[in-house]
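*Asks:* Pasting run_21.cif here (mmCIF, C-alpha atoms):
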data_run
#
loop_
_atom_site.label_atom_id
_atom_site.label_comp_id
_atom_site.auth_asym_id
_atom_site.auth_seq_id
_atom_site.Cartn_x
_atom_site.Cartn_y
_atom_site.Cartn_z
CA MET A 206 34.53 4.50 97.02
CA ASP A 207 38.16 3.90 97.90
CA THR A 208 39.76 6.86 96.15
CA GLU A 209 43.05 8.41 97.16
CA PHE A 210 41.53 11.88 97.45
CA GLN A 211 38.54 10.92 99.59
CA ARG A 212 38.40 11.52 103.29
CA LYS A 213 38.44 8.48 105.54
CA ARG A 214 35.48 6.14 105.37
CA SER A 215 33.11 5.33 108.22
CA LEU A 216 33.47 8.53 110.20
CA TRP A 217 29.89 8.37 111.47
CA LYS A 218 29.22 7.12 114.98
CA ASN A 219 27.03 4.08 115.44
CA ASP A 220 23.95 6.07 116.50
CA VAL A 221 24.06 8.19 113.33
CA LYS A 222 24.49 5.08 111.18
CA SER A 223 21.58 3.42 112.95
CA GLN A 224 19.30 6.40 112.39
CA LEU A 225 20.07 6.33 108.68
CA ILE A 226 19.12 2.63 108.53
CA GLU A 227 15.97 3.44 110.53
CA SER A 228 15.05 6.07 107.92
CA PHE A 229 15.06 3.31 105.29
CA MET A 230 13.05 1.03 107.56
CA VAL A 231 10.26 3.60 108.09
CA GLN A 232 10.55 4.84 104.48
CA LEU A 233 11.64 8.40 105.24
CA PRO A 234 13.26 10.31 102.36
CA ILE A 235 17.07 10.30 102.22
CA PRO A 236 18.98 13.38 100.97
CA PRO A 237 20.31 12.90 97.42
CA MET A 238 23.90 11.91 96.78
CA TYR A 239 26.28 13.66 94.40
CA PHE A 240 28.81 12.09 92.06
CA ASP A 241 31.42 13.54 89.72
CA GLY A 242 30.99 11.99 86.27
CA LYS A 243 34.25 13.29 84.83
CA ARG A 244 35.13 9.70 83.92
CA GLU A 245 32.23 7.85 82.36
CA ASP A 246 33.42 4.45 83.59
CA CYS A 247 34.20 5.51 87.15
CA TRP A 248 32.04 7.98 89.04
CA LEU A 249 33.57 9.61 92.11
CA VAL A 250 31.61 9.99 95.33
CA ILE A 251 31.51 13.65 96.29
CA ASP A 252 28.66 13.78 98.79
CA GLY A 253 27.23 10.54 100.16
CA LEU A 254 30.30 8.49 101.07
CA GLN A 255 29.26 7.99 104.69
CA ARG A 256 25.72 6.91 103.67
CA LEU A 257 27.08 4.43 101.15
CA CYS A 258 29.57 3.06 103.68
CA THR A 259 26.82 2.70 106.27
CA LEU A 260 24.64 0.70 103.88
CA LYS A 261 27.55 -1.54 102.87
CA GLU A 262 28.58 -2.17 106.47
CA PHE A 263 25.06 -2.97 107.65
CA VAL A 264 23.63 -4.92 104.71
CA LEU A 265 26.68 -6.64 103.22
CA ASP A 266 29.33 -6.74 105.93
CA GLY A 267 27.18 -7.05 109.05
CA SER A 268 29.81 -5.06 110.91
CA PHE A 269 27.53 -3.16 113.27
CA VAL A 270 24.16 -3.53 114.98
CA LEU A 271 21.44 -0.92 115.43
CA SER A 272 21.43 1.33 118.48
CA GLU A 273 19.60 4.41 119.81
CA LEU A 274 16.77 4.10 117.28
CA GLU A 275 14.14 6.81 117.54
CA TYR A 276 11.01 4.97 116.37
CA LEU A 277 11.70 1.25 116.09
CA THR A 278 13.37 0.83 119.47
CA ASP A 279 12.49 -2.89 119.62
CA TYR A 280 15.17 -3.48 116.99
CA ASN A 281 18.08 -1.98 118.93
CA GLY A 282 20.86 -4.56 118.93
CA CYS A 283 19.74 -6.11 115.64
CA SER A 284 21.93 -6.81 112.63
CA PHE A 285 20.48 -6.81 109.11
CA ASN A 286 19.91 -10.57 109.25
CA ASP A 287 18.02 -10.20 112.55
CA LEU A 288 15.42 -7.85 111.09
CA PRO A 289 11.99 -9.08 109.96
CA ARG A 290 11.80 -9.61 106.21
CA ILE A 291 9.55 -6.56 105.73
CA TYR A 292 12.29 -4.24 106.99
CA GLN A 293 15.02 -6.02 105.08
CA ARG A 294 12.97 -5.58 101.91
CA ARG A 295 12.40 -1.89 102.57
CA ILE A 296 16.13 -1.36 102.87
CA GLU A 297 16.97 -3.48 99.80
CA GLU A 298 14.28 -1.90 97.61
CA ALA A 299 14.68 1.71 98.73
CA GLN A 300 15.12 4.23 95.92
CA ILE A 301 17.98 6.68 96.31
CA ALA A 302 18.18 9.91 94.33
CA PHE A 303 21.52 11.11 93.07
CA TYR A 304 22.89 13.89 90.90
CA LEU A 305 25.70 13.39 88.43
CA VAL A 306 27.92 16.37 87.62
CA LEU A 307 28.69 16.05 83.93
CA PRO A 308 32.14 16.08 82.30
CA GLY A 309 33.35 19.54 81.36
CA THR A 310 31.92 21.31 84.42
CA PRO A 311 34.58 23.87 85.56
CA SER A 312 36.31 22.95 88.81
CA ASP A 313 35.45 26.23 90.53
CA VAL A 314 31.75 25.71 89.73
CA LYS A 315 31.91 22.18 91.14
CA TYR A 316 33.68 23.43 94.27
CA SER A 317 30.99 26.04 94.88
CA LEU A 318 28.24 23.50 94.23
CA PHE A 319 29.56 20.87 96.61
CA LYS A 320 30.23 23.46 99.29
CA ARG A 321 26.56 24.51 99.15
CA ILE A 322 24.92 21.11 98.95
CA ASN A 323 26.82 19.57 101.86
CA THR A 324 24.44 17.60 104.04
CA PRO A 325 24.28 18.33 107.77
CA GLY A 326 25.12 14.74 108.82
CA LEU A 327 28.87 15.18 108.40
CA ARG A 328 29.74 18.20 106.30
CA LEU A 329 32.68 18.00 103.96
CA GLU A 330 35.57 20.20 105.01
CA PRO A 331 36.95 22.60 102.35
CA GLN A 332 40.09 20.49 101.83
CA GLU A 333 37.99 17.36 101.38
CA ILE A 334 36.15 19.10 98.56
CA ARG A 335 39.43 20.28 97.00
CA HIS A 336 40.80 16.75 97.10
CA ALA A 337 37.68 15.53 95.36
CA LEU A 338 37.85 18.12 92.58
CA TYR A 339 41.59 18.57 91.97
CA GLN A 340 42.76 14.99 91.60
CA GLY A 341 46.26 14.41 90.35
CA ASN A 342 49.74 15.38 91.49
CA ALA A 343 48.41 17.74 94.16
CA THR A 344 46.39 15.14 96.08
CA LYS A 345 49.21 12.57 96.17
CA PHE A 346 51.84 15.20 96.97
CA LEU A 347 49.97 16.75 99.89
CA GLN A 348 49.14 13.36 101.36
CA GLU A 349 52.78 12.27 101.21
CA LEU A 350 54.03 15.39 102.97
CA ALA A 351 51.26 15.50 105.57
CA GLU A 352 51.91 11.86 106.48
CA SER A 353 55.69 12.26 106.56
CA GLU A 354 57.48 11.45 109.78
CA LEU A 355 59.04 14.92 109.92
CA PHE A 356 55.71 16.76 109.59
CA CYS A 357 54.25 14.67 112.41
CA LYS A 358 57.32 15.35 114.54
CA ALA A 359 57.42 19.10 113.84
CA THR A 360 53.70 19.50 114.61
CA ASP A 361 53.91 17.04 117.51
CA GLY A 362 51.03 15.07 115.98
CA ASP A 363 48.59 17.85 116.85
CA VAL A 364 47.14 18.40 113.37
CA PRO A 365 44.14 16.10 112.76
CA SER A 366 44.28 13.97 109.63
CA GLU A 367 40.76 12.51 109.61
CA ARG A 368 39.24 15.52 107.83
CA MET A 369 42.42 16.52 105.94
CA GLN A 370 43.27 19.50 108.15
CA ASP A 371 46.91 18.43 107.93
CA ARG A 372 46.87 18.53 104.13
CA GLU A 373 45.25 21.95 104.12
CA MET A 374 47.97 23.25 106.41
CA VAL A 375 50.67 21.98 104.06
CA LEU A 376 48.79 23.49 101.11
CA ARG A 377 48.68 26.92 102.77
CA TYR A 378 52.47 27.02 102.76
CA PHE A 379 52.69 26.11 99.08
CA ALA A 380 50.08 28.71 98.23
CA VAL A 381 51.91 31.63 99.82
CA ARG A 382 55.33 30.36 98.71
CA TYR A 383 54.56 29.67 95.06
CA ILE A 384 51.29 31.42 94.19
CA GLY A 385 52.42 34.56 95.98
CA GLU A 386 50.92 37.08 98.37
CA GLU A 387 49.59 39.41 95.68
CA THR A 388 47.32 36.73 94.24
CA TYR A 389 45.57 36.42 97.60
CA LYS A 390 44.16 39.94 97.19
CA ASP A 391 41.65 38.81 94.56
CA HIS A 392 40.58 35.58 96.31
CA THR A 393 38.96 34.22 99.40
CA LEU A 394 41.17 31.77 101.28
CA ASP A 395 39.20 28.93 99.65
CA GLY A 396 39.78 30.30 96.15
CA TYR A 397 43.45 30.94 96.89
CA LEU A 398 43.98 27.35 98.01
CA CYS A 399 42.07 26.01 95.00
CA GLU A 400 44.51 27.90 92.77
CA ALA A 401 47.39 26.31 94.67
CA MET A 402 45.92 22.86 93.97
CA GLU A 403 45.78 23.72 90.26
CA PHE A 404 49.40 24.89 90.42
CA LEU A 405 50.62 21.65 92.01
CA ASN A 406 48.63 19.54 89.55
CA HIS A 407 50.50 21.08 86.61
CA GLN A 408 54.04 20.55 87.94
CA THR A 409 56.44 17.83 86.83
CA SER A 410 57.54 15.07 89.19
CA VAL A 411 61.10 16.47 89.12
CA PHE A 412 59.94 19.92 90.22
CA LEU A 413 57.66 18.47 92.91
CA GLU A 414 60.60 16.50 94.28
CA SER A 415 62.55 19.75 94.63
CA LEU A 416 59.58 21.33 96.44
CA LYS A 417 59.44 18.34 98.76
CA CYS A 418 63.14 18.59 99.63
CA LEU A 419 62.86 22.30 100.44
CA PHE A 420 59.68 21.71 102.45
CA LEU A 421 61.36 19.04 104.60
CA ASP A 422 64.55 21.10 105.04
CA THR A 423 62.43 24.05 106.17
CA LEU A 424 60.43 21.89 108.57
CA GLU A 425 63.64 20.53 110.07
CA CYS A 426 64.91 24.08 110.60
CA CYS A 427 61.66 25.19 112.27
CA PHE A 428 61.73 22.20 114.59
CA SER A 429 65.40 22.76 115.43
CA ILE A 430 64.56 26.33 116.49
CA PHE A 431 61.23 25.92 118.26
CA GLY A 432 60.96 22.21 119.06
CA LYS A 433 57.45 21.17 120.06
CA GLN A 434 56.43 24.83 120.23
CA ALA A 435 56.85 25.27 116.49
CA PHE A 436 53.98 27.11 114.77
CA ARG A 437 52.37 28.12 118.06
CA ARG A 438 52.06 31.24 120.16
CA ILE A 439 54.68 31.32 122.91
CA SER A 440 54.11 33.09 126.22
CA LYS A 441 56.89 34.89 128.08
CA THR A 442 55.42 33.97 131.47
CA LYS A 443 54.93 30.33 130.48
CA PRO A 444 57.55 29.77 127.77
CA TYR A 445 57.15 25.99 127.75
CA ASN A 446 53.35 25.90 127.91
CA LYS A 447 52.29 24.33 124.58
CA LYS A 448 49.55 26.35 122.87
CA PRO A 449 47.41 25.01 119.98
CA ILE A 450 49.13 24.79 116.61
CA ASN A 451 48.19 27.62 114.24
CA SER A 452 47.84 27.29 110.44
CA ALA A 453 48.64 30.96 109.82
CA LEU A 454 51.87 30.69 111.82
CA PHE A 455 52.78 27.49 109.98
CA GLU A 456 52.27 29.22 106.64
CA ALA A 457 54.25 32.33 107.67
CA TRP A 458 57.23 30.66 109.39
CA MET A 459 57.57 28.07 106.63
CA ASN A 460 57.37 30.77 103.98
CA GLY A 461 59.96 32.98 105.65
CA ILE A 462 62.49 30.26 106.43
CA SER A 463 62.11 28.47 103.08
CA ARG A 464 63.46 31.57 101.33
CA LEU A 465 66.81 31.29 103.12
CA THR A 466 69.89 29.52 101.86
CA ALA A 467 71.09 26.39 103.65
CA GLU A 468 73.85 28.47 105.28
CA GLN A 469 71.35 31.05 106.51
CA ARG A 470 69.09 28.36 107.95
CA GLN A 471 72.04 26.90 109.85
CA LEU A 472 72.96 30.36 111.17
CA LEU A 473 69.37 30.90 112.28
CA ILE A 474 69.49 27.63 114.22
CA GLU A 475 72.67 28.80 115.93
CA LYS A 476 70.88 32.03 116.91
CA LYS A 477 67.64 30.30 117.85
CA GLU A 478 67.50 31.75 121.38
CA ILE A 479 67.65 35.27 119.99
CA LEU A 480 64.93 34.48 117.45
CA ARG A 481 62.70 32.91 120.10
CA GLU A 482 63.10 35.96 122.34
CA ARG A 483 62.32 38.30 119.44
CA TYR A 484 59.22 36.26 118.58
CA ILE A 485 57.95 36.20 122.18
CA GLU A 486 58.57 39.94 122.41
CA GLU A 487 56.41 40.49 119.30
CA LEU A 488 53.62 38.34 120.72
CA ASP A 489 53.76 40.10 124.11
CA LYS A 490 53.42 43.53 122.51
CA ARG A 491 49.72 42.94 121.88
CA SER A 492 50.41 44.54 118.53
CA THR A 493 48.52 44.13 115.26
CA PHE A 494 50.61 40.99 114.67
CA ASN A 495 48.54 39.16 117.30
CA ALA A 496 45.30 40.09 115.55
CA ASP A 497 46.79 39.26 112.15
CA ILE A 498 47.46 35.67 113.22
CA GLY A 499 43.75 34.93 113.43
CA SER A 500 42.56 36.97 110.46
CA GLY A 501 41.89 35.90 106.88
CA LYS A 502 41.94 39.47 105.53
CA TYR A 503 44.50 40.29 102.85
CA ARG A 504 46.23 43.04 104.84
CA SER A 505 46.57 40.77 107.87
CA PHE A 506 47.85 37.98 105.63
CA VAL A 507 50.58 40.25 104.24
CA ARG A 508 51.48 41.83 107.59
CA ARG A 509 51.96 38.58 109.47
CA ASN A 510 54.16 37.17 106.70
CA ASN A 511 56.19 40.39 106.55
CA THR A 512 56.56 40.58 110.33
CA ILE A 513 58.05 37.10 110.48
CA LYS A 514 60.36 37.81 107.53
CA GLU A 515 61.58 40.97 109.30
CA MET A 516 62.25 39.04 112.54
CA ILE A 517 64.29 36.50 110.62
CA GLU A 518 66.28 39.22 108.82
CA GLU A 519 66.97 41.08 112.07
CA VAL A 520 68.33 37.98 113.79
CA LEU A 521 70.50 37.05 110.79
#
As structure tokens, what does this structure read like?

*Replies:*
Amino acid sequence: MDTEFQRKRSLWKNDVKSQLIESFMVQLPIPPMYFDGKREDCWLVIDGLQRLCTLKEFVLDGSFVLSELEYLTDYNGCSFNDLPRIYQRRIEEAQIAFYLVLPGTPSDVKYSLFKRINTPGLRLEPQEIRHALYQGNATKFLQELAESELFCKATDGDVPSERMQDREMVLRYFAVRYIGEETYKDHTLDGYLCEAMEFLNHQTSVFLESLKCLFLDTLECCFSIFGKQAFRRISKTKPYNKKPINSALFEAWMNGISRLTAEQRQLLIEKKEILRERYIEELDKRSTFNADIGSGKYRSFVRRNNTIKEMIEEVL
């Protein structure tokens, strides 16, 4: 249950946990759980982590009490040990169905499967599924960079980590930078990012270290230019009003600046006011660039990356 690729445990609120326990108490059916059996001696939880955590916390740890029950309201405020023996037994003896995905199942098939079977209680995010299916260098590498002090500073701590949105944002940069724009044409965004995970998994530690150094140097440059407004839309009328951080802008600015030499990055920092003005001007045009920022279409993907590259070249 404690795997490096899994999302954080115990994300359910107490009322959702309590309703799951109540389902066992009144003998309602529980949705099946799914495990990856790639390793015979260690199955990985793909769908069902929150249910397993809830059972462990209530039955073994006694770390929460029941609340907001729908049927058995008399037992609100009860721990497992407080329940009558009949309900304890129903919980302990409940049968749970699970499916085991066998070794040799292709990763893309598993990704599609887990995306479809996600239960409505707390659906897995796409990056959570990728981290479950593409274990190895990629999962450790993305976690390290997303949790780095510089990433948190450059994004001003505005990218949530609980559901791995931060790791997906980092992955988007590596996809466009090292898988290339042309490859995106034949993929959905999900498929494109899955290919990037495969790419990272097959790299040596030496090469990954070089990618890390360039990533951090690029982040530092972006922050030096834009400060806390990095990777956000900037308004001419309210130039210091902080808009939400945008994954597409992160991907495009990081891609464009990472292709510069150290000398060019330094020059760009020296000309940061010119670059900021040029960027605001592009946003204020209400041009296709604005629409491209929020689009997952291939043409928009290419145009927004090219527009930012052209701005950088003009300023240099």

*Asks:* What does the distance between CA of Leu249 (chain A) and CA of Ala351 (chain A) come to in Å, to one decimal place?

*Replies:* 23.0 Å

*Asks:* Can you work out the spacing between CA of Gln348 (chain A) and CA of Val314 (chain A) in Å, to one decimal?

*Replies:*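 Pair CA of Gln348 (chain A) / CA of Val314 (chain A) returns 24.3 Å.
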
*Asks:* Would you list the contacts of Asp422 (chain A) as an NGL selection string, taking every protein, DNA or RNA residue within 9 Å and counting all atoms listed in the file, but skipping same-chain residues closer than 4 positions in sequence?

*Replies:* :A and (417-418 or 426-427 or 463 or 467)

*Asks:* For a test of reading the model, state the distance in Å between CA of Phe506 (chain A) and CA of Lys390 (chain A), rounded to one decimal.

*Replies:*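 Between CA of Phe506 (chain A) and CA of Lys390 (chain A) the gap works out to 9.4 Å.
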
*Asks:* Between A:Arg437, A:Glu456, A:Ala337, A:Tyr445, which has the minimum distance to Asn495 (chain A) (counting only C-alpha atoms)?

*Replies:*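 Checking each of A:Arg437, A:Glu456, A:Ala337, A:Tyr445 against Asn495 (chain A), counting only C-alpha atoms, the winner is A:Arg437.
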
*Asks:* Check the smallest atom-to-atom distance from each of A:Ile450, A:Leu257, A:Leu271, A:Met238 to Ala435 (chain A) using only C-alpha atoms, then report the winner.

*Replies:*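 That would be A:Ile450, the residue with the smallest distance to Ala435 (chain A).
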
*Asks:* Which one of A:Phe431, A:Phe412, A:Phe436, A:Phe285 sits closest to Leu480 (chain A) if you count all atoms listed in the file?

*Replies:*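 Checking each of A:Phe431, A:Phe412, A:Phe436, A:Phe285 against Leu480 (chain A), counting all atoms listed in the file, the winner is A:Phe431.
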
*Asks:* Any idea what's packed within 12 Å of Phe455 (chain A), counting all atoms listed in the file, ignoring anything in its chain fewer than 3 positions away? Could you give it as an MDAnalysis selection string?

*Replies:* chainID A and resid 356 359:360 364 371 373:379 381:382 420 423:424 427:428 431 434:438 449:452 458:463 498 509:510 513

*Asks:* Quick one: everything within 12 Å of Ala496 (chain A), counting all atoms listed in the file, minus sequence neighbours fewer than 3 positions away in the same chain. Send it as a VMD selection string.

*Replies:* chain A and resid 453 487 to 488 490 to 493 499 to 502 504 to 506 508 to 509

*Asks:* Give me the residues within 6 Å of region 220-229 of chain A as a list of chain:residue names, counting all atoms listed in the file and dropping any in the same chain fewer than 4 places off.

*Replies:* A:Leu233, A:Thr259, A:Leu271, A:Ser272, A:Glu273, A:Leu274, A:Ile296

*Asks:* Which of these residues is nearest to Glu518 (chain A), using only C-alpha atoms: A:Ile291, A:Leu394, A:Ile439, A:Leu473?

*Replies:* A:Leu473

*Asks:* Calculated over only C-alpha atoms, which of the candidates A:Gln332, A:Ala343, A:Lys243, A:Leu405 has the smallest distance to Thr310 (chain A)?

*Replies:*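 Nearest to Thr310 (chain A): A:Lys243.
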
*Asks:* Take the PyMOL selection byres ((chain A and resi 261) around 12), apply it to the structure above, and return the hits as a list of chain:residue names.

*Replies:*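 Answer for the PyMOL selection byres ((chain A and resi 261) around 12): A:Met206, A:Arg214, A:Ser215, A:Lys222, A:Ile226, A:Leu254, A:Gln255, A:Arg256, A:Leu257, A:Cys258, A:Thr259, A:Leu260, A:Glu262, A:Phe263, A:Val264, A:Leu265, A:Asp266, A:Gly267, A:Ser268, A:Phe269, A:Phe285, A:Ile296, A:Glu297.
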
*Asks:* May I ask which of the residues A:Ser415, A:Pro308, A:Leu318, A:Gln293 is the closest one to Cys247 (chain A), counting all atoms listed in the file?

*Replies:*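 Looking at the shortest contact to Cys247 (chain A), the residue is A:Pro308.
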
*Asks:* When the PyMOL selection byres ((chain A and resi 403) around 12) is applied to the file above, which residues end up in the set, as a PyMOL selection string?

*Replies:* chain A and resi 312-313+335-336+338-344+376+379-380+383-384+396-402+404-408

*Asks:* Residue by residue, what does the PyMOL selection byres ((chain A and resi 302) around 12) grab here? Present the result as an mmCIF file with C-alpha atoms, in the frame of the given file.

*Replies:*
data_model
loop_
_atom_site.group_PDB
_atom_site.id
_atom_site.type_symbol
_atom_site.label_atom_id
_atom_site.label_comp_id
_atom_site.auth_asym_id
_atom_site.auth_seq_id
_atom_site.Cartn_x
_atom_site.Cartn_y
_atom_site.Cartn_z
ATOM 1 C CA PRO A 234 13.260 10.310 102.360
ATOM 2 C CA ILE A 235 17.070 10.300 102.220
ATOM 3 C CA PRO A 236 18.980 13.380 100.970
ATOM 4 C CA PRO A 237 20.310 12.900 97.420
ATOM 5 C CA MET A 238 23.900 11.910 96.780
ATOM 6 C CA TYR A 239 26.280 13.660 94.400
ATOM 7 C CA PHE A 240 28.810 12.090 92.060
ATOM 8 C CA GLY A 253 27.230 10.540 100.160
ATOM 9 C CA ALA A 299 14.680 1.710 98.730
ATOM 10 C CA GLN A 300 15.120 4.230 95.920
ATOM 11 C CA ILE A 301 17.980 6.680 96.310
ATOM 12 C CA PHE A 303 21.520 11.110 93.070
ATOM 13 C CA TYR A 304 22.890 13.890 90.900
ATOM 14 C CA LEU A 305 25.700 13.390 88.430
#

*Asks:* Can you sort out region 352-361 of chain A so it carries all heavy atoms, written as a short mmCIF file (atom, residue, chain, number, x, y, z; two decimals), in the coordinates of the input?

*Replies:*
data_model
loop_
_atom_site.label_atom_id
_atom_site.label_comp_id
_atom_site.auth_asym_id
_atom_site.auth_seq_id
_atom_site.Cartn_x
_atom_site.Cartn_y
_atom_site.Cartn_z
N GLU A 352 51.71 13.12 105.75
CA GLU A 352 51.91 11.86 106.48
C GLU A 352 53.38 11.58 106.75
O GLU A 352 53.71 10.53 107.34
CB GLU A 352 51.30 10.71 105.68
CG GLU A 352 49.78 10.77 105.59
CD GLU A 352 49.18 9.64 104.76
OE1 GLU A 352 49.96 8.88 104.14
OE2 GLU A 352 47.94 9.52 104.73
N SER A 353 54.26 12.49 106.36
CA SER A 353 55.69 12.26 106.56
C SER A 353 56.03 12.28 108.05
O SER A 353 55.40 12.97 108.85
CB SER A 353 56.50 13.32 105.82
OG SER A 353 56.30 14.60 106.39
N GLU A 354 57.05 11.54 108.39
CA GLU A 354 57.48 11.45 109.78
C GLU A 354 57.90 12.82 110.32
O GLU A 354 57.60 13.17 111.47
CB GLU A 354 58.64 10.46 109.89
CG GLU A 354 59.15 10.25 111.30
CD GLU A 354 60.29 9.24 111.36
OE1 GLU A 354 60.53 8.54 110.36
OE2 GLU A 354 60.93 9.17 112.43
N LEU A 355 58.55 13.62 109.48
CA LEU A 355 59.04 14.92 109.92
C LEU A 355 57.89 15.89 110.19
O LEU A 355 57.93 16.66 111.16
CB LEU A 355 59.98 15.50 108.86
CG LEU A 355 60.68 16.82 109.22
CD1 LEU A 355 61.41 16.70 110.56
CD2 LEU A 355 61.65 17.23 108.13
N PHE A 356 56.85 15.88 109.36
CA PHE A 356 55.71 16.76 109.59
C PHE A 356 55.04 16.40 110.92
O PHE A 356 54.69 17.28 111.71
CB PHE A 356 54.70 16.65 108.45
CG PHE A 356 53.48 17.52 108.64
CD1 PHE A 356 53.50 18.87 108.32
CD2 PHE A 356 52.30 16.97 109.15
CE1 PHE A 356 52.37 19.67 108.52
CE2 PHE A 356 51.18 17.75 109.34
CZ PHE A 356 51.21 19.10 109.02
N CYS A 357 54.87 15.11 111.16
CA CYS A 357 54.25 14.67 112.41
C CYS A 357 55.10 15.06 113.61
O CYS A 357 54.58 15.45 114.66
CB CYS A 357 54.03 13.16 112.39
SG CYS A 357 52.85 12.63 111.12
N LYS A 358 56.43 14.98 113.45
CA LYS A 358 57.32 15.35 114.54
C LYS A 358 57.29 16.86 114.79
O LYS A 358 57.18 17.31 115.95
CB LYS A 358 58.75 14.91 114.22
CG LYS A 358 59.74 15.23 115.33
CD LYS A 358 61.14 14.72 115.00
CE LYS A 358 61.85 15.64 114.00
NZ LYS A 358 63.29 15.32 113.86
N ALA A 359 57.36 17.65 113.71
CA ALA A 359 57.42 19.10 113.84
C ALA A 359 56.12 19.68 114.40
O ALA A 359 56.12 20.72 115.05
CB ALA A 359 57.75 19.75 112.50
N THR A 360 55.00 19.02 114.11
CA THR A 360 53.70 19.50 114.61
C THR A 360 53.28 18.73 115.86
O THR A 360 52.19 18.94 116.37
CB THR A 360 52.61 19.36 113.53
OG1 THR A 360 52.52 17.99 113.12
CG2 THR A 360 52.94 20.22 112.31
N ASP A 361 54.14 17.84 116.31
CA ASP A 361 53.91 17.04 117.51
C ASP A 361 52.61 16.24 117.42
O ASP A 361 51.93 16.02 118.43
CB ASP A 361 53.90 17.92 118.76
CG ASP A 361 54.21 17.11 120.04
OD1 ASP A 361 54.89 16.07 119.92
OD2 ASP A 361 53.75 17.52 121.11
#
